[in-house]
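Trainee: Before I ask anything, let me first share the structure, which is written out below as structure tokens.
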Amino acid sequence: MKNTFEIPEDLFATLKSTAAQQRLPMRELVLRALRREIRGAAAIHKPKKTHWPTPTGGLPPGLDMSNRAAMHDGLRHQDGGDAESAGR
């Protein structure tokens with residue numbers, strides 16, 4: 001189907017130059033851009049809200065979240081032992 005569109009001069013110059021650089025007819029470059037735009041618009045959707053389950057009760061007393069090693073030691077101590085030695 002043939003259509004007529006008004007394209008601003010600066011955009012037309014860019015279209016013509018880009019088509020020449022890519023060794024494509026301007027028609028093909030325009031069709032590719034339209035398809036990409038339409039595909040992109042169809043792919044846009046509202047992001048699904050993620051429900052992050054959280055336990056009640058907060059952090060165990062004395063658990064230092066700013067110190068990774070202390071956090072792991074505290075969790076091991078809370079569980080009643082070292083997870084690595086538990087398997088031995």
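In the structure tokens, each chain is lettered A, B, ... as it comes, each chain's residues begin at 1, and ligands are numbered from 1 in order of appearance.
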Leaving out region 24-36 of chain A and any residue of its chain fewer than 4 positions from it, which residues lie within 12 Å of it when counting only C-alpha atoms, given as number ranges by chain?
Mentor: A: 2-3, 5, 7, 11-20, 40-43
Trainee: Selection from above, C-alpha atoms, as an mmCIF file, in the first residue's frame, can you write it?
Mentor:
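out.cif was written with the following content:
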data_model
loop_
_atom_site.group_PDB
_atom_site.id
_atom_site.type_symbol
_atom_site.label_atom_id
_atom_site.label_comp_id
_atom_site.auth_asym_id
_atom_site.auth_seq_id
_atom_site.Cartn_x
_atom_site.Cartn_y
_atom_site.Cartn_z
ATOM 1 C CA LYS A 2 1.346 3.390 -0.925
ATOM 2 C CA ASN A 3 1.188 6.310 1.487
ATOM 3 C CA PHE A 5 4.234 11.202 4.671
ATOM 4 C CA ILE A 7 9.296 14.072 6.792
ATOM 5 C CA LEU A 11 15.311 13.731 9.402
ATOM 6 C CA PHE A 12 15.100 13.040 5.662
ATOM 7 C CA ALA A 13 18.784 13.935 5.251
ATOM 8 C CA THR A 14 19.692 11.563 8.083
ATOM 9 C CA LEU A 15 17.479 8.839 6.586
ATOM 10 C CA LYS A 16 19.072 9.241 3.161
ATOM 11 C CA SER A 17 22.604 9.224 4.590
ATOM 12 C CA THR A 18 21.967 6.216 6.841
ATOM 13 C CA ALA A 19 20.372 4.258 4.018
ATOM 14 C CA ALA A 20 23.376 4.980 1.799
ATOM 15 C CA GLY A 40 8.913 -2.487 20.855
ATOM 16 C CA ALA A 41 5.561 -0.892 21.632
ATOM 17 C CA ALA A 42 3.925 -4.314 21.819
ATOM 18 C CA ALA A 43 6.632 -5.553 24.180
#
